[in-house]
file entry.cif (mmCIF, C-alpha atoms)
data_target
#
loop_
_atom_site.label_atom_id
_atom_site.label_comp_id
_atom_site.auth_asym_id
_atom_site.auth_seq_id
_atom_site.Cartn_x
_atom_site.Cartn_y
_atom_site.Cartn_z
CA MET A 263 -16.95 -36.27 -15.81
CA SER A 264 -17.30 -33.90 -12.91
CA GLY A 265 -14.65 -31.30 -12.26
CA ILE A 266 -13.34 -29.87 -9.02
CA PHE A 267 -15.89 -27.08 -9.03
CA SER A 268 -19.16 -28.56 -7.89
CA LYS A 269 -21.13 -25.98 -5.96
CA THR A 270 -20.14 -22.62 -7.33
CA GLU A 271 -21.33 -20.81 -10.38
CA TYR A 272 -19.22 -17.75 -11.11
CA ILE A 273 -15.51 -18.27 -10.65
CA ILE A 274 -12.83 -15.60 -11.00
CA ILE A 275 -9.24 -16.70 -11.39
CA ILE A 276 -6.50 -14.11 -11.05
CA GLY A 277 -3.26 -15.12 -12.71
CA CYS A 278 -3.24 -17.27 -15.84
CA GLY A 279 -0.08 -19.26 -15.32
CA ARG A 280 0.13 -23.05 -15.28
CA LEU A 281 -2.15 -23.41 -12.27
CA GLY A 282 -4.54 -20.60 -13.19
CA SER A 283 -5.01 -21.84 -16.75
CA THR A 284 -5.48 -25.46 -15.60
CA LEU A 285 -8.19 -24.38 -13.18
CA ALA A 286 -9.83 -22.17 -15.80
CA ASN A 287 -9.87 -24.94 -18.41
CA ASP A 288 -11.40 -27.36 -15.92
CA ALA A 289 -14.09 -24.92 -14.78
CA SER A 290 -14.96 -24.04 -18.36
CA ASN A 291 -15.13 -27.70 -19.39
CA ASN A 292 -17.63 -28.32 -16.65
CA GLY A 293 -19.91 -25.57 -17.73
CA TYR A 294 -19.24 -22.94 -15.09
CA ASP A 295 -19.01 -19.23 -15.69
CA VAL A 296 -15.35 -18.45 -15.41
CA LEU A 297 -13.26 -15.35 -15.90
CA VAL A 298 -9.47 -15.23 -15.88
CA ILE A 299 -7.51 -12.04 -15.22
CA ASP A 300 -3.87 -11.62 -16.19
CA SER A 301 -1.78 -8.55 -16.90
CA ASP A 302 -0.08 -10.32 -19.80
CA GLU A 303 -2.33 -11.02 -22.76
CA ASP A 304 0.01 -13.77 -23.98
CA ALA A 305 -0.73 -15.74 -20.81
CA PHE A 306 -4.18 -16.54 -22.19
CA ARG A 307 -2.53 -18.73 -24.84
CA ARG A 308 -2.29 -21.34 -22.10
CA LEU A 309 -6.07 -21.68 -22.21
CA HIS A 310 -7.40 -24.62 -24.20
CA CYS A 311 -8.98 -23.90 -27.60
CA SER A 312 -12.28 -25.19 -26.21
CA TYR A 313 -12.17 -22.68 -23.34
CA ASN A 314 -15.40 -20.70 -23.46
CA GLY A 315 -15.04 -18.51 -20.38
CA LEU A 316 -13.99 -14.88 -20.33
CA THR A 317 -10.55 -13.32 -20.18
CA LEU A 318 -9.65 -9.87 -18.89
CA THR A 319 -6.28 -8.24 -19.45
CA GLY A 320 -5.31 -6.03 -16.55
CA ASP A 321 -3.72 -5.72 -13.14
CA GLY A 322 -5.61 -8.00 -10.78
CA SER A 323 -4.81 -5.75 -7.83
CA ASP A 324 -6.47 -2.75 -9.49
CA ILE A 325 -9.89 -2.05 -7.97
CA GLU A 326 -11.26 -0.85 -11.31
CA VAL A 327 -10.17 -4.05 -13.05
CA LEU A 328 -11.75 -6.13 -10.29
CA GLU A 329 -14.97 -4.15 -10.56
CA SER A 330 -15.12 -4.57 -14.31
CA ALA A 331 -14.76 -8.33 -13.66
CA ASN A 332 -17.97 -8.05 -11.61
CA ILE A 333 -16.10 -9.24 -8.55
CA SER A 334 -19.07 -8.73 -6.22
CA LYS A 335 -20.98 -11.46 -8.09
CA ALA A 336 -18.22 -14.06 -7.77
CA ASP A 337 -18.88 -17.21 -5.75
CA THR A 338 -15.26 -18.27 -5.73
CA ILE A 339 -12.14 -16.19 -6.27
CA ILE A 340 -8.82 -17.95 -6.83
CA VAL A 341 -5.64 -15.87 -6.65
CA VAL A 342 -2.70 -17.66 -8.26
CA THR A 343 -0.25 -15.07 -9.59
CA ASP A 344 3.42 -15.97 -9.29
CA ASN A 345 3.98 -13.33 -6.60
CA ASP A 346 3.15 -14.20 -2.97
CA ASN A 347 2.96 -10.60 -1.82
CA LEU A 348 0.62 -9.70 -4.64
CA ASN A 349 -1.57 -12.72 -3.90
CA ILE A 350 -1.94 -11.67 -0.27
CA LEU A 351 -2.71 -8.06 -1.23
CA ILE A 352 -5.34 -9.13 -3.76
CA ALA A 353 -6.94 -11.60 -1.33
CA GLN A 354 -7.17 -8.99 1.42
CA LEU A 355 -8.45 -6.36 -0.98
CA VAL A 356 -11.10 -8.69 -2.41
CA ASN A 357 -12.06 -9.73 1.10
CA LYS A 358 -12.70 -6.06 1.96
CA ILE A 359 -14.65 -5.07 -1.13
CA THR A 360 -16.79 -8.21 -1.59
CA THR A 361 -18.75 -10.63 0.55
CA CYS A 362 -17.26 -13.62 -1.28
CA LYS A 363 -16.89 -16.55 1.14
CA HIS A 364 -14.40 -18.57 -0.88
CA ILE A 365 -11.12 -16.84 -1.58
CA ILE A 366 -8.34 -19.28 -2.31
CA ILE A 367 -4.73 -18.17 -2.68
CA ARG A 368 -1.52 -19.93 -3.51
CA LEU A 369 1.59 -19.03 -1.50
CA TYR A 370 5.02 -20.43 -2.27
CA ASP A 371 6.28 -19.27 1.11
CA GLN A 372 4.37 -21.09 3.84
CA GLN A 373 5.55 -18.56 6.45
CA GLN A 374 3.53 -15.74 4.91
CA SER A 375 0.26 -17.60 5.50
CA LEU A 376 0.07 -16.11 8.99
CA LEU A 377 -1.06 -12.88 7.31
CA CYS A 378 -4.14 -14.61 5.92
CA ASP A 379 -5.95 -15.34 9.16
CA SER A 380 -9.35 -14.40 7.79
CA HIS A 381 -12.02 -17.13 7.62
CA GLU A 382 -12.82 -16.34 4.00
CA ILE A 383 -9.25 -16.84 2.79
CA SER A 384 -7.85 -20.36 2.33
CA VAL A 385 -4.16 -20.76 1.65
CA ILE A 386 -2.65 -23.55 -0.38
CA CYS A 387 1.07 -24.10 -0.30
CA PRO A 388 2.57 -26.23 -3.11
CA ILE A 389 5.60 -27.22 -1.06
CA GLU A 390 3.42 -28.50 1.77
CA LEU A 391 1.27 -30.43 -0.70
CA ALA A 392 4.30 -31.91 -2.42
CA PHE A 393 5.84 -32.79 0.91
CA ASN A 394 2.72 -34.60 2.03
CA GLN A 395 2.48 -36.44 -1.25
CA ILE A 396 6.10 -37.57 -1.11
CA ASN A 397 5.57 -38.61 2.47
CA ASP A 398 2.50 -40.61 1.44
CA ILE A 399 4.39 -42.38 -1.32
CA LEU A 400 7.23 -43.31 0.99
CA HIS A 401 4.69 -44.34 3.59
CA ARG A 402 2.90 -46.60 1.18
CA LYS A 403 6.16 -48.39 0.52
CA GLY A 404 6.13 -49.31 4.19
CA ASP A 405 9.21 -47.42 5.13
CA ASP A 406 8.61 -46.85 8.85
CA LYS A 407 11.26 -44.25 9.43
CA TYR A 408 9.12 -41.56 7.74
CA GLU A 409 6.06 -42.34 9.79
CA ASP A 410 5.95 -39.59 12.39
CA LYS A 411 7.25 -36.75 10.31
CA SER A 412 4.83 -34.03 9.34
CA PHE A 413 5.44 -30.90 7.34
CA ASN A 414 5.51 -28.84 10.54
CA TYR A 415 8.68 -30.62 11.49
CA TRP A 416 10.49 -28.81 8.70
CA ARG A 417 9.27 -25.31 9.42
CA ILE A 418 12.05 -22.85 9.99
CA SER A 419 10.31 -20.91 12.74
CA MET B 178 17.08 4.28 24.81
CA LYS B 179 17.56 5.60 21.33
CA THR B 180 14.55 5.53 19.05
CA ARG B 181 14.97 2.92 16.32
CA ALA B 182 13.53 3.28 12.83
CA LEU B 183 13.41 0.67 10.09
CA ILE B 184 13.01 1.71 6.45
CA ILE B 185 11.96 -1.05 4.09
CA GLY B 186 12.57 -0.65 0.37
CA GLY B 187 13.00 2.52 -1.61
CA PHE B 188 16.29 4.06 -2.58
CA HIS B 189 16.27 7.83 -3.15
CA LYS B 190 13.32 8.41 -0.85
CA ALA B 191 14.73 6.02 1.73
CA ARG B 192 18.11 7.71 1.63
CA SER B 193 16.64 11.21 2.12
CA LEU B 194 14.43 10.03 4.97
CA ALA B 195 17.27 8.12 6.62
CA TYR B 196 19.40 11.24 6.48
CA LEU B 197 16.67 13.34 8.16
CA LEU B 198 16.08 10.73 10.86
CA ILE B 199 19.79 10.26 11.61
CA ASN B 200 20.07 14.03 12.07
CA ARG B 201 17.29 13.78 14.63
CA GLY B 202 19.38 11.29 16.57
CA ILE B 203 17.39 8.25 15.55
CA ASP B 204 19.05 4.89 14.98
CA VAL B 205 18.15 3.98 11.39
CA THR B 206 18.27 0.64 9.56
CA VAL B 207 17.36 0.30 5.88
CA ILE B 208 16.49 -2.88 4.02
CA ASN B 209 17.03 -2.92 0.27
CA ASN B 210 16.86 -5.82 -2.16
CA SER B 211 19.43 -4.49 -4.61
CA ARG B 212 23.05 -5.13 -3.78
CA GLU B 213 24.14 -2.14 -5.82
CA ASN B 214 21.77 0.18 -3.94
CA CYS B 215 22.90 -1.27 -0.62
CA GLU B 216 26.52 -0.45 -1.39
CA ILE B 217 25.58 3.18 -2.09
CA LEU B 218 23.37 3.40 1.00
CA ALA B 219 26.18 1.95 3.11
CA ASN B 220 28.24 5.08 2.40
CA THR B 221 25.85 7.12 4.54
CA LYS B 222 27.29 7.75 7.97
CA ASN B 223 25.67 5.92 10.91
CA LEU B 224 23.23 4.06 8.67
CA ASN B 225 22.72 0.32 9.09
CA VAL B 226 22.08 -1.39 5.78
CA ILE B 227 20.63 -4.86 5.28
CA TYR B 228 20.56 -6.49 1.87
CA GLY B 229 17.44 -8.58 1.35
CA ASP B 230 13.72 -8.81 0.74
CA GLY B 231 11.88 -6.85 3.42
CA THR B 232 8.83 -9.08 3.15
CA LYS B 233 10.75 -12.12 4.40
CA GLN B 234 10.78 -12.94 8.07
CA TYR B 235 14.43 -13.93 8.19
CA VAL B 236 15.40 -10.55 6.76
CA LEU B 237 13.21 -8.69 9.25
CA ASP B 238 14.68 -10.87 12.02
CA GLU B 239 18.14 -9.83 10.95
CA ALA B 240 17.04 -6.20 11.06
CA GLU B 241 15.79 -6.84 14.62
CA ALA B 242 12.31 -5.68 13.70
CA CYS B 243 11.10 -6.70 17.16
CA ASN B 244 13.12 -3.87 18.73
CA VAL B 245 12.01 -1.21 16.30
CA ASP B 246 9.84 1.77 17.30
CA ILE B 247 8.89 2.94 13.81
CA ALA B 248 8.76 1.00 10.54
CA ILE B 249 8.38 2.77 7.21
CA ALA B 250 7.66 0.91 3.97
CA MET B 251 8.88 2.91 0.98
CA SER B 252 9.15 0.49 -1.91
CA SER B 253 7.55 1.29 -5.25
CA ARG B 254 5.30 -1.77 -5.03
CA ASP B 255 2.10 -1.60 -3.01
CA ASP B 256 2.06 -5.35 -2.35
CA VAL B 257 5.59 -5.29 -0.92
CA ASN B 258 4.73 -2.32 1.29
CA LEU B 259 1.53 -3.92 2.56
CA ILE B 260 3.13 -7.26 3.41
CA ALA B 261 6.14 -5.62 5.06
CA CYS B 262 3.82 -3.44 7.17
CA GLU B 263 1.58 -6.35 8.13
CA LEU B 264 4.57 -8.43 9.23
CA CYS B 265 5.92 -5.52 11.27
CA LYS B 266 2.55 -5.00 12.93
CA LYS B 267 1.29 -8.53 13.45
CA LEU B 268 4.51 -10.45 13.99
CA TYR B 269 6.91 -7.91 15.45
CA HIS B 270 4.35 -5.60 17.11
CA VAL B 271 6.04 -2.43 15.92
CA LYS B 272 4.30 0.55 17.57
CA ARG B 273 4.13 2.83 14.58
CA VAL B 274 3.99 1.54 11.01
CA VAL B 275 3.92 3.98 8.11
CA SER B 276 3.64 3.16 4.43
CA ILE B 277 3.84 4.81 1.08
CA VAL B 278 1.05 3.74 -1.25
CA ASN B 279 1.14 4.32 -4.99
CA ASP B 280 -2.48 3.59 -5.83
CA SER B 281 -4.48 5.96 -3.61
CA ARG B 282 -7.56 3.76 -3.80
CA LYS B 283 -5.67 1.16 -1.77
CA SER B 284 -5.09 3.57 1.14
CA GLN B 285 -8.19 2.32 2.97
CA LEU B 286 -7.03 -1.29 2.66
CA PHE B 287 -3.71 -0.34 4.28
CA TYR B 288 -5.53 1.32 7.19
CA ASP B 289 -7.86 -1.68 7.50
CA MET B 290 -4.89 -4.02 7.72
CA GLY B 291 -3.45 -2.11 10.66
CA VAL B 292 -1.04 0.37 9.08
CA ASP B 293 -1.01 3.49 11.29
CA SER B 294 -0.35 6.07 8.63
CA VAL B 295 -0.54 5.92 4.84
CA VAL B 296 1.09 8.45 2.54
CA CYS B 297 0.08 8.50 -1.09
CA ALA B 298 3.23 9.74 -2.78
CA THR B 299 1.85 10.05 -6.29
CA ASP B 300 -1.21 12.02 -5.13
CA THR B 301 0.88 14.32 -2.97
CA VAL B 302 3.29 15.08 -5.80
CA ALA B 303 0.43 15.59 -8.28
CA THR B 304 -1.29 18.01 -5.88
CA ILE B 305 1.86 20.04 -5.41
CA ILE B 306 2.45 20.24 -9.16
CA GLU B 307 -1.19 21.25 -9.72
CA GLN B 308 -0.72 24.08 -7.23
CA GLN B 309 2.43 25.23 -8.94
CA LEU B 310 0.64 25.29 -12.27
CA PHE B 311 -2.58 27.07 -11.39
CA LEU B 312 -2.34 28.61 -7.98
CA ASP B 313 0.77 30.74 -8.25
CA LYS B 314 -1.00 33.45 -6.27
CA ILE B 315 -1.03 31.18 -3.27
CA ALA B 316 2.46 30.86 -1.90
CA MET B 317 1.80 27.51 -0.30
CA SER B 318 -1.07 25.22 0.44
CA VAL B 319 -0.97 22.27 2.80
CA PRO B 320 -3.82 19.77 2.47
CA LEU B 321 -4.60 18.16 5.81
CA SER B 322 -5.65 14.56 6.13
CA LEU B 323 -8.92 15.56 7.80
CA GLY B 324 -11.42 16.03 4.99
CA ASP B 325 -11.12 19.05 2.74
CA VAL B 326 -9.36 21.38 5.15
CA GLU B 327 -6.36 23.26 3.83
CA VAL B 328 -3.83 25.65 5.29
CA LEU B 329 -2.92 28.37 2.78
CA GLU B 330 -0.27 31.00 2.75
CA LEU B 331 -0.89 33.95 0.43
CA LYS B 332 0.30 37.49 -0.16
CA VAL B 333 -2.28 40.28 -0.33
CA THR B 334 -1.92 42.22 -3.61
CA LYS B 335 -2.06 46.01 -3.86
CA ASN B 336 -5.54 46.45 -5.32
CA ALA B 337 -7.22 43.50 -3.66
CA LEU B 338 -10.74 43.74 -2.29
CA ALA B 339 -9.61 43.37 1.29
CA VAL B 340 -6.94 46.09 1.38
CA GLY B 341 -7.72 48.82 3.89
CA LYS B 342 -10.68 46.96 5.34
CA ALA B 343 -11.23 45.41 8.73
CA ILE B 344 -11.69 41.65 8.70
CA LYS B 345 -15.20 41.94 10.21
CA ASP B 346 -16.30 44.12 7.24
CA LEU B 347 -15.13 41.65 4.61
CA ASN B 348 -18.11 39.32 5.06
CA LEU B 349 -15.88 36.30 4.70
CA PRO B 350 -17.60 32.95 4.36
CA LYS B 351 -17.87 30.99 7.58
CA ASN B 352 -15.47 28.28 6.49
CA ILE B 353 -12.45 30.59 6.48
CA ILE B 354 -10.26 31.66 9.36
CA ILE B 355 -7.36 34.09 9.00
CA SER B 356 -5.15 32.68 11.69
CA TYR B 357 -2.02 34.76 11.35
CA ILE B 358 -0.78 37.88 9.55
CA LEU B 359 2.87 38.50 8.80
CA ARG B 360 3.47 42.20 8.15
CA GLN B 361 7.08 43.30 7.56
CA ASP B 362 8.52 40.66 9.86
CA ASN B 363 5.94 41.36 12.57
CA GLY B 364 3.45 38.66 13.41
CA ILE B 365 -0.13 39.65 14.17
CA ILE B 366 -2.83 37.42 15.56
CA PRO B 367 -5.82 39.06 13.88
CA ASN B 368 -9.24 39.81 15.31
CA GLY B 369 -12.30 41.33 13.63
CA ASN B 370 -10.93 44.87 13.86
CA THR B 371 -7.58 44.09 12.27
CA ILE B 372 -7.18 45.97 8.99
CA ILE B 373 -5.67 44.08 6.07
CA GLU B 374 -2.86 45.87 4.25
CA ALA B 375 -1.24 45.28 0.88
CA ASN B 376 1.76 42.92 0.95
CA ASP B 377 0.55 41.21 4.13
CA PHE B 378 1.24 37.51 4.23
CA LEU B 379 -1.81 35.66 5.51
CA ILE B 380 -2.02 32.19 6.93
CA ILE B 381 -5.54 30.99 6.26
CA ILE B 382 -7.36 27.84 7.27
CA ALA B 383 -10.14 27.14 4.82
CA ASP B 384 -12.06 24.29 3.30
CA LYS B 385 -12.51 25.70 -0.19
CA LYS B 386 -9.48 27.55 -1.41
CA ASN B 387 -11.03 29.14 -4.47
CA SER B 388 -13.49 31.19 -2.47
CA VAL B 389 -10.59 32.71 -0.54
CA ILE B 390 -8.44 34.06 -3.34
CA LYS B 391 -10.86 36.69 -4.62
CA TYR B 392 -10.76 38.68 -1.36
CA PHE B 393 -7.01 39.01 -1.15
CA VAL B 394 -5.72 38.75 -4.68
CA GLU B 395 -6.91 41.00 -7.51
CA LYS B 396 -7.85 39.33 -10.74
#

call {"tool": "encode", "arguments": {"input": "entry.cif", "output": "structure tokens"}}
result
Amino acid sequence: MSGIFSKTEYIIIIGCGRLGSTLANDASNNGYDVLVIDSDEDAFRRLHCSYNGLTLTGDGSDIEVLESANISKADTIIVVTDNDNLNILIAQLVNKITTCKHIIIRLYDQQQSLLCDSHEISVICPIELAFNQINDILHRKGDDKYEDKSFNYWRIS
Amino acid sequence: MKTRALIIGGFHKARSLAYLLINRGIDVTVINNSRENCEILANTKNLNVIYGDGTKQYVLDEAEACNVDIAIAMSSRDDVNLIACELCKKLYHVKRVVSIVNDSRKSQLFYDMGVDSVVCATDTVATIIEQQLFLDKIAMSVPLSLGDVEVLELKVTKNALAVGKAIKDLNLPKNIIISYILRQDNGIIPNGNTIIEANDFLIIIADKKNSVIKYFVEK
């Protein structure tokens, strides 16, 4: 079985919630070097018992914590804390202090993605993904009235 | 037109600043995400208060951020301050954006992201307390943002090295300038021939404060 991480070797995941721990378990299962950072030690209980990557307890926006995670060696950095503002700050900070080309962040609020205009930072928005998926399902059922609607249609701005 | 200032986050600090700005004739709006705090802030005369999260566009829209001349982020969270500042700068094109930062190592990031001026509150307070603890002989010291330059105010003690001597005879290090002498309510702009007297108040610009004290304050 091949996981979602195919090209990279050292992966840092900041935030060990449902998404962070799922990603970490997958990366670990597929034999990649992975390190998860979370400020709450209990969060690491979400990791599978077979998880053989590293964990680091600390504030993911703290430069010292990031340095002790060997951030400059990371091929992919995924920022998935539950706080949009914090995710943006960490992504921009990491983008300044490393040359990492793949920084992926999760934002609940699609509007804030305009602050992540850097090439290195990719934004994923769960609501947009869910919207598209729902649209696809309805589409597949052949219901024509949903055809021309895209997520953009629903944006507030 | 009246200058407009927007203060995002913060309560005590925001209230003090708002008060100062209002007294200067500036039109001030504060955004706070605690209803309780908003109700207290709303008691301040001439202060516009908006209840909400200052990192959300609809809240900043309500505060008319596009017509603001100065935006100041004062919350206790660096991420909130950064995002609020970035929105003000990139989306609303506010001319001057100032932020408090708690972790001084993030100051550079704030500047890199377009914030015009960054104030590290914790560092500033720590520096002042350090001065109060160890440098009681110096009446006041103001660190400037440019490198290690400091402006000091100190009182010359009775038996100090410099008393009764002309400035040119003191052999002061090159990195010190005595810019002003206050002697019994009279101001003196000193030159090399000016003689230092006991109880003079000196305003000194220097880059290493410790090398200054020994000339003007006895041990």

call {"tool": "interface_residues", "arguments": {"input": "entry.cif", "of": "chain B", "to": "chain A", "cutoff": "10 Å", "atoms": "all atoms listed in the file", "output": "list in words"}}
result
Thr232, Lys233, Gln234, Tyr235, Arg254, Asp255, Asp256, Val257, Asn258, Leu259, Ile260, Ala261, Glu263, Leu264, Lys267, Leu268, Asp280, Arg282, Lys283, Gln285, Leu286, Phe287, Asp289 and Met290 of chain B

call {"tool": "resolve_selection", "arguments": {"input": "entry.cif", "expression": "the PyMOL selection byres ((chain A and resi 335) around 12)", "output": "list in words"}}
result
Thr270, Glu271, Tyr272, Ile273, Ile274, Asp295, Val296, Leu297, Leu328, Glu329, Ser330, Ala331, Asn332, Ile333, Ser334, Ala336, Asp337, Thr338, Ile339, Val356, Ile359, Thr360, Thr361, Cys362 and Lys363 of chain A

call {"tool": "atom_distance", "arguments": {"input": "entry.cif", "atom1": "CA of Met251 in chain B", "atom2": "CA of Arg201 in chain B"}}
result
19.4 Å

call {"tool": "resolve_selection", "arguments": {"input": "entry.cif", "expression": "the PyMOL selection byres ((chain A and resi 278-291) around 10)", "output": "PDB file with C-alpha atoms, in the frame of the given file"}}
result
ATOM      1  CA  MET A 263     -16.950 -36.270 -15.810  1.00  0.00           C
ATOM      2  CA  SER A 264     -17.300 -33.900 -12.910  1.00  0.00           C
ATOM      3  CA  GLY A 265     -14.650 -31.300 -12.260  1.00  0.00           C
ATOM      4  CA  ILE A 266     -13.340 -29.870  -9.020  1.00  0.00           C
ATOM      5  CA  PHE A 267     -15.890 -27.080  -9.030  1.00  0.00           C
ATOM      6  CA  SER A 268     -19.160 -28.560  -7.890  1.00  0.00           C
ATOM      7  CA  THR A 270     -20.140 -22.620  -7.330  1.00  0.00           C
ATOM      8  CA  GLU A 271     -21.330 -20.810 -10.380  1.00  0.00           C
ATOM      9  CA  TYR A 272     -19.220 -17.750 -11.110  1.00  0.00           C
ATOM     10  CA  ILE A 273     -15.510 -18.270 -10.650  1.00  0.00           C
ATOM     11  CA  ILE A 274     -12.830 -15.600 -11.000  1.00  0.00           C
ATOM     12  CA  ILE A 275      -9.240 -16.700 -11.390  1.00  0.00           C
ATOM     13  CA  ILE A 276      -6.500 -14.110 -11.050  1.00  0.00           C
ATOM     14  CA  GLY A 277      -3.260 -15.120 -12.710  1.00  0.00           C
ATOM     15  CA  ASN A 292     -17.630 -28.320 -16.650  1.00  0.00           C
ATOM     16  CA  GLY A 293     -19.910 -25.570 -17.730  1.00  0.00           C
ATOM     17  CA  TYR A 294     -19.240 -22.940 -15.090  1.00  0.00           C
ATOM     18  CA  ASP A 295     -19.010 -19.230 -15.690  1.00  0.00           C
ATOM     19  CA  VAL A 296     -15.350 -18.450 -15.410  1.00  0.00           C
ATOM     20  CA  LEU A 297     -13.260 -15.350 -15.900  1.00  0.00           C
ATOM     21  CA  VAL A 298      -9.470 -15.230 -15.880  1.00  0.00           C
ATOM     22  CA  ILE A 299      -7.510 -12.040 -15.220  1.00  0.00           C
ATOM     23  CA  ASP A 300      -3.870 -11.620 -16.190  1.00  0.00           C
ATOM     24  CA  SER A 301      -1.780  -8.550 -16.900  1.00  0.00           C
ATOM     25  CA  ASP A 302      -0.080 -10.320 -19.800  1.00  0.00           C
ATOM     26  CA  GLU A 303      -2.330 -11.020 -22.760  1.00  0.00           C
ATOM     27  CA  ASP A 304       0.010 -13.770 -23.980  1.00  0.00           C
ATOM     28  CA  ALA A 305      -0.730 -15.740 -20.810  1.00  0.00           C
ATOM     29  CA  PHE A 306      -4.180 -16.540 -22.190  1.00  0.00           C
ATOM     30  CA  ARG A 307      -2.530 -18.730 -24.840  1.00  0.00           C
ATOM     31  CA  ARG A 308      -2.290 -21.340 -22.100  1.00  0.00           C
ATOM     32  CA  LEU A 309      -6.070 -21.680 -22.210  1.00  0.00           C
ATOM     33  CA  HIS A 310      -7.400 -24.620 -24.200  1.00  0.00           C
ATOM     34  CA  CYS A 311      -8.980 -23.900 -27.600  1.00  0.00           C
ATOM     35  CA  SER A 312     -12.280 -25.190 -26.210  1.00  0.00           C
ATOM     36  CA  TYR A 313     -12.170 -22.680 -23.340  1.00  0.00           C
ATOM     37  CA  ASN A 314     -15.400 -20.700 -23.460  1.00  0.00           C
ATOM     38  CA  GLY A 315     -15.040 -18.510 -20.380  1.00  0.00           C
ATOM     39  CA  LEU A 316     -13.990 -14.880 -20.330  1.00  0.00           C
ATOM     40  CA  THR A 317     -10.550 -13.320 -20.180  1.00  0.00           C
ATOM     41  CA  ILE A 340      -8.820 -17.950  -6.830  1.00  0.00           C
ATOM     42  CA  VAL A 341      -5.640 -15.870  -6.650  1.00  0.00           C
ATOM     43  CA  VAL A 342      -2.700 -17.660  -8.260  1.00  0.00           C
ATOM     44  CA  THR A 343      -0.250 -15.070  -9.590  1.00  0.00           C
ATOM     45  CA  ASP A 344       3.420 -15.970  -9.290  1.00  0.00           C
ATOM     46  CA  ARG A 368      -1.520 -19.930  -3.510  1.00  0.00           C
TER      47      ARG A 368
END

call {"tool": "residues_around", "arguments": {"input": "entry.cif", "residues": "range 211-220 of chain B", "least_positions_apart": "6", "cutoff": "12 Å", "atoms": "only C-alpha atoms", "output": "MDAnalysis selection string"}}
result
chainID B and resid 184:196 205 226:231 252

call {"tool": "residues_around", "arguments": {"input": "entry.cif", "residues": "range 325-336 of chain B", "least_positions_apart": "6", "cutoff": "7 Å", "atoms": "only C-alpha atoms", "output": "PyMOL selection string"}}
result
chain B and resi 314-319+375-384+393-395

call {"tool": "atom_distance", "arguments": {"input": "entry.cif", "atom1": "CA of Ser281 in chain B", "atom2": "CA of Asp246 in chain B"}}
result
25.7 Å

call {"tool": "atom_distance", "arguments": {"input": "entry.cif", "atom1": "CA of Ala298 in chain B", "atom2": "CA of Val278 in chain B"}}
result
6.6 Å

call {"tool": "closest_residue", "arguments": {"input": "entry.cif", "among": "B:Ala242, B:Ala343, B:Val236, B:Arg273", "to": "Asn210 in chain B", "atoms": "all atoms listed in the file"}}
result
B:Val236

call {"tool": "axis_aligned_box", "arguments": {"input": "entry.cif", "around": "range 365-384 of chain A", "padding_each_side": "3 Å", "output": "lines of an AutoDock Vina configuration file"}}
result
center_x = -3.3
center_y = -17.0
center_z = 2.8
size_x = 25.1
size_y = 14.2
size_z = 18.7

call {"tool": "resolve_selection", "arguments": {"input": "entry.cif", "expression": "the PyMOL selection byres ((chain B and resi 204) around 12)", "output": "PDB file with C-alpha atoms, keeping the file's coordinate frame"}}
result
ATOM      1  CA  MET B 178      17.080   4.280  24.810  1.00  0.00           C
ATOM      2  CA  LYS B 179      17.560   5.600  21.330  1.00  0.00           C
ATOM      3  CA  THR B 180      14.550   5.530  19.050  1.00  0.00           C
ATOM      4  CA  ARG B 181      14.970   2.920  16.320  1.00  0.00           C
ATOM      5  CA  ALA B 182      13.530   3.280  12.830  1.00  0.00           C
ATOM      6  CA  LEU B 183      13.410   0.670  10.090  1.00  0.00           C
ATOM      7  CA  ILE B 184      13.010   1.710   6.450  1.00  0.00           C
ATOM      8  CA  ALA B 195      17.270   8.120   6.620  1.00  0.00           C
ATOM      9  CA  TYR B 196      19.400  11.240   6.480  1.00  0.00           C
ATOM     10  CA  LEU B 197      16.670  13.340   8.160  1.00  0.00           C
ATOM     11  CA  LEU B 198      16.080  10.730  10.860  1.00  0.00           C
ATOM     12  CA  ILE B 199      19.790  10.260  11.610  1.00  0.00           C
ATOM     13  CA  ASN B 200      20.070  14.030  12.070  1.00  0.00           C
ATOM     14  CA  ARG B 201      17.290  13.780  14.630  1.00  0.00           C
ATOM     15  CA  GLY B 202      19.380  11.290  16.570  1.00  0.00           C
ATOM     16  CA  ILE B 203      17.390   8.250  15.550  1.00  0.00           C
ATOM     17  CA  VAL B 205      18.150   3.980  11.390  1.00  0.00           C
ATOM     18  CA  THR B 206      18.270   0.640   9.560  1.00  0.00           C
ATOM     19  CA  VAL B 207      17.360   0.300   5.880  1.00  0.00           C
ATOM     20  CA  LYS B 222      27.290   7.750   7.970  1.00  0.00           C
ATOM     21  CA  ASN B 223      25.670   5.920  10.910  1.00  0.00           C
ATOM     22  CA  LEU B 224      23.230   4.060   8.670  1.00  0.00           C
ATOM     23  CA  ASN B 225      22.720   0.320   9.090  1.00  0.00           C
ATOM     24  CA  VAL B 226      22.080  -1.390   5.780  1.00  0.00           C
ATOM     25  CA  ALA B 240      17.040  -6.200  11.060  1.00  0.00           C
ATOM     26  CA  ASN B 244      13.120  -3.870  18.730  1.00  0.00           C
ATOM     27  CA  VAL B 245      12.010  -1.210  16.300  1.00  0.00           C
ATOM     28  CA  ASP B 246       9.840   1.770  17.300  1.00  0.00           C
ATOM     29  CA  ILE B 247       8.890   2.940  13.810  1.00  0.00           C
ATOM     30  CA  ALA B 248       8.760   1.000  10.540  1.00  0.00           C
TER      31      ALA B 248
END
